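**Q** Structure file query-v1.json (JSON, C-alpha atoms) right here:
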[["chain", "number", "residue", "atom", "x", "y", "z"],
["P", 68, "MET", "CA", -80.15, 59.86, 5.64],
["P", 69, "LEU", "CA", -79.92, 61.23, 9.13],
["P", 70, "ARG", "CA", -77.91, 59.18, 11.59],
["P", 71, "ASP", "CA", -78.60, 60.96, 14.87],
["P", 72, "LYS", "CA", -82.02, 60.84, 16.53],
["P", 73, "ARG", "CA", -81.63, 64.49, 17.54],
["P", 74, "GLU", "CA", -81.04, 65.46, 13.90],
["P", 75, "ARG", "CA", -84.15, 63.54, 12.82],
["P", 76, "VAL", "CA", -86.28, 65.29, 15.44],
["P", 77, "LEU", "CA", -84.95, 68.73, 14.49],
["P", 78, "MET", "CA", -85.50, 68.00, 10.81],
["P", 79, "ASP", "CA", -89.09, 66.95, 11.59],
["P", 80, "VAL", "CA", -89.68, 70.27, 13.39],
["P", 81, "ILE", "CA", -88.09, 72.38, 10.64],
["P", 82, "TYR", "CA", -89.79, 70.48, 7.82],
["P", 83, "ALA", "CA", -93.21, 70.82, 9.51],
["P", 84, "SER", "CA", -92.74, 74.57, 9.82],
["P", 85, "ALA", "CA", -91.13, 75.28, 6.46],
["P", 86, "SER", "CA", -92.96, 72.92, 4.11],
["P", 87, "SER", "CA", -96.25, 74.74, 4.50],
["P", 88, "LYS", "CA", -94.61, 78.11, 3.85],
["P", 89, "SER", "CA", -92.90, 77.58, 0.48],
["P", 90, "GLY", "CA", -89.82, 76.05, 2.09],
["P", 91, "GLN", "CA", -88.93, 78.91, 4.42],
["P", 92, "CYS", "CA", -89.57, 79.63, 8.07],
["P", 93, "ILE", "CA", -88.31, 81.73, 10.95],
["P", 94, "LEU", "CA", -88.10, 80.03, 14.32],
["P", 95, "SER", "CA", -86.72, 81.02, 17.69],
["P", 96, "PRO", "CA", -84.77, 78.52, 19.79],
["P", 97, "VAL", "CA", -87.65, 78.52, 22.29],
["P", 98, "GLU", "CA", -90.18, 77.59, 19.57],
["P", 99, "ILE", "CA", -87.93, 74.79, 18.36],
["P", 100, "LEU", "CA", -87.33, 73.39, 21.85],
["P", 101, "GLN", "CA", -91.05, 73.49, 22.64],
["P", 102, "ARG", "CA", -91.79, 71.26, 19.65],
["P", 103, "ILE", "CA", -89.19, 68.64, 20.61],
["P", 104, "PRO", "CA", -90.46, 65.63, 22.58],
["P", 105, "LEU", "CA", -89.40, 65.58, 26.22],
["P", 106, "ASP", "CA", -87.55, 62.27, 25.89],
["P", 107, "ILE", "CA", -85.03, 63.85, 23.48],
["P", 108, "ALA", "CA", -82.25, 65.72, 25.26],
["P", 109, "ILE", "CA", -81.50, 68.83, 23.19],
["P", 110, "HIS", "CA", -80.39, 72.06, 24.81],
["P", 111, "GLU", "CA", -80.28, 75.52, 23.28],
["P", 112, "GLU", "CA", -76.48, 75.41, 22.94],
["P", 113, "ASP", "CA", -76.78, 72.15, 20.96],
["P", 114, "LEU", "CA", -78.99, 73.68, 18.27],
["P", 115, "GLU", "CA", -76.43, 75.56, 16.16],
["P", 116, "PRO", "CA", -73.99, 72.63, 15.76],
["P", 117, "LEU", "CA", -76.89, 70.35, 14.81],
["P", 118, "PHE", "CA", -78.20, 72.94, 12.33],
["P", 119, "TYR", "CA", -74.71, 73.23, 10.88],
["P", 120, "ASN", "CA", -74.50, 69.44, 10.40],
["P", 121, "LEU", "CA", -77.91, 69.34, 8.71],
["P", 122, "SER", "CA", -76.89, 72.26, 6.52],
["P", 123, "LEU", "CA", -73.70, 70.45, 5.47],
["P", 124, "GLU", "CA", -75.77, 67.39, 4.55],
["P", 125, "GLY", "CA", -77.80, 69.56, 2.19],
["P", 126, "TYR", "CA", -81.17, 69.70, 3.94],
["P", 127, "PHE", "CA", -81.42, 73.47, 4.36],
["P", 128, "ASP", "CA", -79.60, 76.77, 4.62],
["P", 129, "PHE", "CA", -79.91, 78.64, 7.87],
["P", 130, "GLU", "CA", -79.03, 82.07, 9.12],
["P", 131, "LYS", "CA", -79.00, 83.38, 12.65],
["P", 132, "ALA", "CA", -80.34, 86.85, 13.36],
["P", 133, "ASP", "CA", -81.35, 88.94, 16.34],
["P", 134, "PHE", "CA", -84.89, 90.23, 16.55],
["P", 135, "LYS", "CA", -85.37, 92.68, 19.41],
["P", 136, "GLY", "CA", -82.53, 91.03, 21.30],
["P", 137, "ASP", "CA", -83.82, 87.48, 20.83],
["P", 138, "PRO", "CA", -82.01, 85.01, 18.57],
["P", 139, "MET", "CA", -83.96, 83.79, 15.55],
["P", 140, "PHE", "CA", -83.13, 81.26, 12.85],
["P", 141, "LEU", "CA", -84.17, 81.58, 9.22],
["P", 142, "PHE", "CA", -84.40, 78.22, 7.46],
["P", 143, "THR", "CA", -84.64, 77.71, 3.71],
["P", 144, "LEU", "CA", -85.17, 74.11, 2.66],
["P", 145, "LYS", "CA", -83.00, 72.82, -0.15],
["P", 146, "GLU", "CA", -84.05, 70.08, -2.57],
["P", 147, "LYS", "CA", -83.03, 67.34, -0.14],
["P", 148, "GLY", "CA", -84.96, 69.06, 2.64],
["P", 149, "LEU", "CA", -88.09, 69.43, 0.51],
["P", 150, "SER", "CA", -88.05, 65.70, -0.24],
["P", 151, "TYR", "CA", -87.36, 64.76, 3.40],
["P", 152, "GLU", "CA", -90.85, 63.41, 4.15],
["P", 153, "ARG", "CA", -90.98, 61.38, 0.94],
["P", 154, "ASP", "CA", -87.52, 59.92, 1.62],
["P", 155, "LYS", "CA", -88.57, 59.05, 5.17],
["P", 156, "LYS", "CA", -91.66, 57.19, 3.89],
["P", 157, "ASN", "CA", -89.62, 55.37, 1.24],
["P", 158, "LYS", "CA", -87.06, 54.28, 3.82],
["P", 159, "ARG", "CA", -89.83, 52.98, 6.12],
["P", 160, "ARG", "CA", -91.46, 51.11, 3.22],
["P", 161, "SER", "CA", -88.11, 49.59, 2.26],
["P", 162, "LEU", "CA", -87.54, 48.43, 5.84],
["P", 163, "ILE", "CA", -91.00, 46.84, 6.00],
["P", 164, "ILE", "CA", -90.38, 45.02, 2.70],
["P", 165, "LYS", "CA", -87.04, 43.70, 3.99],
["P", 166, "ILE", "CA", -88.61, 42.45, 7.22],
["P", 167, "VAL", "CA", -91.55, 40.78, 5.44],
["P", 168, "SER", "CA", -89.31, 39.13, 2.85],
["P", 169, "THR", "CA", -86.93, 37.87, 5.56],
["P", 170, "VAL", "CA", -89.81, 36.33, 7.50],
["P", 171, "ALA", "CA", -91.27, 34.82, 4.31],
["P", 172, "PHE", "CA", -87.94, 33.25, 3.33],
["P", 173, "ALA", "CA", -87.47, 31.88, 6.85],
["P", 174, "LEU", "CA", -90.94, 30.28, 6.70],
["P", 175, "LEU", "CA", -90.20, 28.90, 3.24],
["P", 176, "ALA", "CA", -86.90, 27.43, 4.46],
["P", 177, "ALA", "CA", -88.66, 25.81, 7.43],
["P", 178, "LEU", "CA", -91.33, 24.39, 5.11],
["P", 179, "VAL", "CA", -88.72, 22.96, 2.72],
["P", 180, "ARG", "CA", -86.84, 21.42, 5.64],
["P", 181, "TYR", "CA", -90.08, 19.85, 6.90],
["P", 182, "ILE", "CA", -90.97, 18.46, 3.45],
["P", 183, "VAL", "CA", -87.46, 17.08, 2.92],
["P", 184, "GLY", "CA", -87.65, 15.51, 6.37],
["P", 185, "LEU", "CA", -90.93, 13.81, 5.41],
["P", 186, "ILE", "CA", -89.47, 12.54, 2.12],
["P", 187, "ILE", "CA", -86.32, 11.17, 3.70],
["P", 188, "GLY", "CA", -88.33, 9.70, 6.56],
["P", 189, "LYS", "CA", -86.75, 11.31, 9.58]]
Would it be possible to restate this file's structure as structure tokens?
**A**
Amino acid sequence: MLRDKRERVLMDVIYASASSKSGQCILSPVEILQRIPLDIAIHEEDLEPLFYNLSLEGYFDFEKADFKGDPMFLFTLKEKGLSYERDKKNKRRSLIIKIVSTVAFALLAALVRYIVGLIIGK
């Protein structure tokens, strides 16, 4: 899964644009930067290295082109990119299950300690 918060935000933007269009989309750097929350520091020169990293991880293929002098990026989601949203939900569900089970076991341990304390008489 994605390690960097900037990569997660970019993948959210690309997935939202490409998933509704059969896995492909064309975006300009300006369109991408407009969709990124203001608290995430991503500059236009940071985009290509981040895209390259996401491409190496198997989320999508991308190509850079010029359209009337403006740079444009063509994204084609791969299998891992198409399942990005499902994987994100599964990871969140897994984290919630781990937290709930940890709390439940802690409560159970406290209850056992209390009962043993009552039995021993301390």
**Q** Given the point (-89.4, 77.7, 7.0) in the file's coordinates, find the residues that have an atom at most 7 Å from it, counting all atoms listed in the file, and give them as a list of chain:residue names.
**A**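 The residues near that point, listed by chain and number, are P:Ile81, P:Ser84, P:Ala85, P:Ser86, P:Lys88, P:Gly90, P:Gln91, P:Cys92, P:Ile93, P:Leu141, P:Phe142, P:Thr143.
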**Q** Have a look at P:Tyr119, P:Phe134, P:Phe129, P:Tyr151 and name the one nearest to Met78 in chain P; count all atoms listed in the file.
**A**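 When distances to Met78 in chain P are compared using all atoms listed in the file, the smallest one comes from P:Tyr151.
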**Q** Determine, counting all atoms listed in the file, which protein, DNA and RNA residues have an atom within 12 Å of an atom of Val80 in chain P; residues of the same chain fewer than 3 positions away are not included. Present the result as an mmCIF file with C-alpha atoms, in the frame of the given file.
**A**
data_model
loop_
_atom_site.group_PDB
_atom_site.id
_atom_site.type_symbol
_atom_site.label_atom_id
_atom_site.label_comp_id
_atom_site.auth_asym_id
_atom_site.auth_seq_id
_atom_site.Cartn_x
_atom_site.Cartn_y
_atom_site.Cartn_z
ATOM 1 C CA ARG P 73 -81.630 64.490 17.540
ATOM 2 C CA GLU P 74 -81.040 65.460 13.900
ATOM 3 C CA ARG P 75 -84.150 63.540 12.820
ATOM 4 C CA VAL P 76 -86.280 65.290 15.440
ATOM 5 C CA LEU P 77 -84.950 68.730 14.490
ATOM 6 C CA ALA P 83 -93.210 70.820 9.510
ATOM 7 C CA SER P 84 -92.740 74.570 9.820
ATOM 8 C CA ALA P 85 -91.130 75.280 6.460
ATOM 9 C CA SER P 86 -92.960 72.920 4.110
ATOM 10 C CA SER P 87 -96.250 74.740 4.500
ATOM 11 C CA CYS P 92 -89.570 79.630 8.070
ATOM 12 C CA ILE P 93 -88.310 81.730 10.950
ATOM 13 C CA LEU P 94 -88.100 80.030 14.320
ATOM 14 C CA SER P 95 -86.720 81.020 17.690
ATOM 15 C CA PRO P 96 -84.770 78.520 19.790
ATOM 16 C CA GLU P 98 -90.180 77.590 19.570
ATOM 17 C CA ILE P 99 -87.930 74.790 18.360
ATOM 18 C CA LEU P 100 -87.330 73.390 21.850
ATOM 19 C CA GLN P 101 -91.050 73.490 22.640
ATOM 20 C CA ARG P 102 -91.790 71.260 19.650
ATOM 21 C CA ILE P 103 -89.190 68.640 20.610
ATOM 22 C CA PRO P 104 -90.460 65.630 22.580
ATOM 23 C CA PHE P 118 -78.200 72.940 12.330
ATOM 24 C CA PHE P 142 -84.400 78.220 7.460
ATOM 25 C CA GLY P 148 -84.960 69.060 2.640
ATOM 26 C CA TYR P 151 -87.360 64.760 3.400
ATOM 27 C CA GLU P 152 -90.850 63.410 4.150
#
**Q** Missing atoms in range 126-148 of chain P need filling: write out N, CA and C atoms for it as a PDB file, in the frame of the given file.
**A**
ATOM      1  N   TYR P 126     -79.742  69.637   3.665  1.00  0.00           N
ATOM      2  CA  TYR P 126     -81.170  69.700   3.940  1.00  0.00           C
ATOM      3  C   TYR P 126     -81.716  71.123   3.880  1.00  0.00           C
ATOM      4  N   PHE P 127     -80.963  72.080   4.375  1.00  0.00           N
ATOM      5  CA  PHE P 127     -81.420  73.470   4.360  1.00  0.00           C
ATOM      6  C   PHE P 127     -80.247  74.416   4.545  1.00  0.00           C
ATOM      7  N   ASP P 128     -80.511  75.675   4.265  1.00  0.00           N
ATOM      8  CA  ASP P 128     -79.600  76.770   4.620  1.00  0.00           C
ATOM      9  C   ASP P 128     -80.212  77.446   5.825  1.00  0.00           C
ATOM     10  N   PHE P 129     -79.365  77.909   6.729  1.00  0.00           N
ATOM     11  CA  PHE P 129     -79.910  78.640   7.870  1.00  0.00           C
ATOM     12  C   PHE P 129     -79.044  79.847   8.166  1.00  0.00           C
ATOM     13  N   GLU P 130     -79.698  80.844   8.698  1.00  0.00           N
ATOM     14  CA  GLU P 130     -79.030  82.070   9.120  1.00  0.00           C
ATOM     15  C   GLU P 130     -79.526  82.419  10.505  1.00  0.00           C
ATOM     16  N   LYS P 131     -78.630  82.957  11.302  1.00  0.00           N
ATOM     17  CA  LYS P 131     -79.000  83.380  12.650  1.00  0.00           C
ATOM     18  C   LYS P 131     -79.097  84.896  12.648  1.00  0.00           C
ATOM     19  N   ALA P 132     -80.139  85.406  13.279  1.00  0.00           N
ATOM     20  CA  ALA P 132     -80.340  86.850  13.360  1.00  0.00           C
ATOM     21  C   ALA P 132     -80.880  87.187  14.743  1.00  0.00           C
ATOM     22  N   ASP P 133     -80.768  88.456  15.087  1.00  0.00           N
ATOM     23  CA  ASP P 133     -81.350  88.940  16.340  1.00  0.00           C
ATOM     24  C   ASP P 133     -82.582  89.760  16.011  1.00  0.00           C
ATOM     25  N   PHE P 134     -83.663  89.465  16.707  1.00  0.00           N
ATOM     26  CA  PHE P 134     -84.890  90.230  16.550  1.00  0.00           C
ATOM     27  C   PHE P 134     -85.275  90.748  17.924  1.00  0.00           C
ATOM     28  N   LYS P 135     -85.089  92.034  18.125  1.00  0.00           N
ATOM     29  CA  LYS P 135     -85.370  92.680  19.410  1.00  0.00           C
ATOM     30  C   LYS P 135     -84.617  91.995  20.548  1.00  0.00           C
ATOM     31  N   GLY P 136     -83.367  91.638  20.277  1.00  0.00           N
ATOM     32  CA  GLY P 136     -82.530  91.030  21.300  1.00  0.00           C
ATOM     33  C   GLY P 136     -82.674  89.532  21.438  1.00  0.00           C
ATOM     34  N   ASP P 137     -83.626  88.934  20.757  1.00  0.00           N
ATOM     35  CA  ASP P 137     -83.820  87.480  20.830  1.00  0.00           C
ATOM     36  C   ASP P 137     -83.236  86.827  19.574  1.00  0.00           C
ATOM     37  N   PRO P 138     -82.546  85.705  19.753  1.00  0.00           N
ATOM     38  CA  PRO P 138     -82.010  85.010  18.570  1.00  0.00           C
ATOM     39  C   PRO P 138     -83.135  84.363  17.770  1.00  0.00           C
ATOM     40  N   MET P 139     -83.010  84.416  16.466  1.00  0.00           N
ATOM     41  CA  MET P 139     -83.960  83.790  15.550  1.00  0.00           C
ATOM     42  C   MET P 139     -83.170  83.068  14.464  1.00  0.00           C
ATOM     43  N   PHE P 140     -83.756  82.013  13.935  1.00  0.00           N
ATOM     44  CA  PHE P 140     -83.130  81.260  12.850  1.00  0.00           C
ATOM     45  C   PHE P 140     -84.039  81.292  11.639  1.00  0.00           C
ATOM     46  N   LEU P 141     -83.458  81.613  10.496  1.00  0.00           N
ATOM     47  CA  LEU P 141     -84.170  81.580   9.220  1.00  0.00           C
ATOM     48  C   LEU P 141     -83.732  80.325   8.490  1.00  0.00           C
ATOM     49  N   PHE P 142     -84.676  79.468   8.156  1.00  0.00           N
ATOM     50  CA  PHE P 142     -84.400  78.220   7.460  1.00  0.00           C
ATOM     51  C   PHE P 142     -84.976  78.275   6.051  1.00  0.00           C
ATOM     52  N   THR P 143     -84.188  77.848   5.093  1.00  0.00           N
ATOM     53  CA  THR P 143     -84.640  77.710   3.710  1.00  0.00           C
ATOM     54  C   THR P 143     -84.321  76.296   3.277  1.00  0.00           C
ATOM     55  N   LEU P 144     -85.364  75.505   3.053  1.00  0.00           N
ATOM     56  CA  LEU P 144     -85.170  74.110   2.660  1.00  0.00           C
ATOM     57  C   LEU P 144     -84.557  74.014   1.278  1.00  0.00           C
ATOM     58  N   LYS P 145     -83.582  73.131   1.146  1.00  0.00           N
ATOM     59  CA  LYS P 145     -83.000  72.820  -0.150  1.00  0.00           C
ATOM     60  C   LYS P 145     -83.773  71.641  -0.741  1.00  0.00           C
ATOM     61  N   GLU P 146     -83.349  71.178  -1.892  1.00  0.00           N
ATOM     62  CA  GLU P 146     -84.050  70.080  -2.570  1.00  0.00           C
ATOM     63  C   GLU P 146     -84.130  68.831  -1.694  1.00  0.00           C
ATOM     64  N   LYS P 147     -83.040  68.507  -1.021  1.00  0.00           N
ATOM     65  CA  LYS P 147     -83.030  67.340  -0.140  1.00  0.00           C
ATOM     66  C   LYS P 147     -83.965  67.543   1.048  1.00  0.00           C
ATOM     67  N   GLY P 148     -84.064  68.757   1.534  1.00  0.00           N
ATOM     68  CA  GLY P 148     -84.960  69.060   2.640  1.00  0.00           C
ATOM     69  C   GLY P 148     -86.423  69.006   2.224  1.00  0.00           C
TER      70      GLY P 148
END
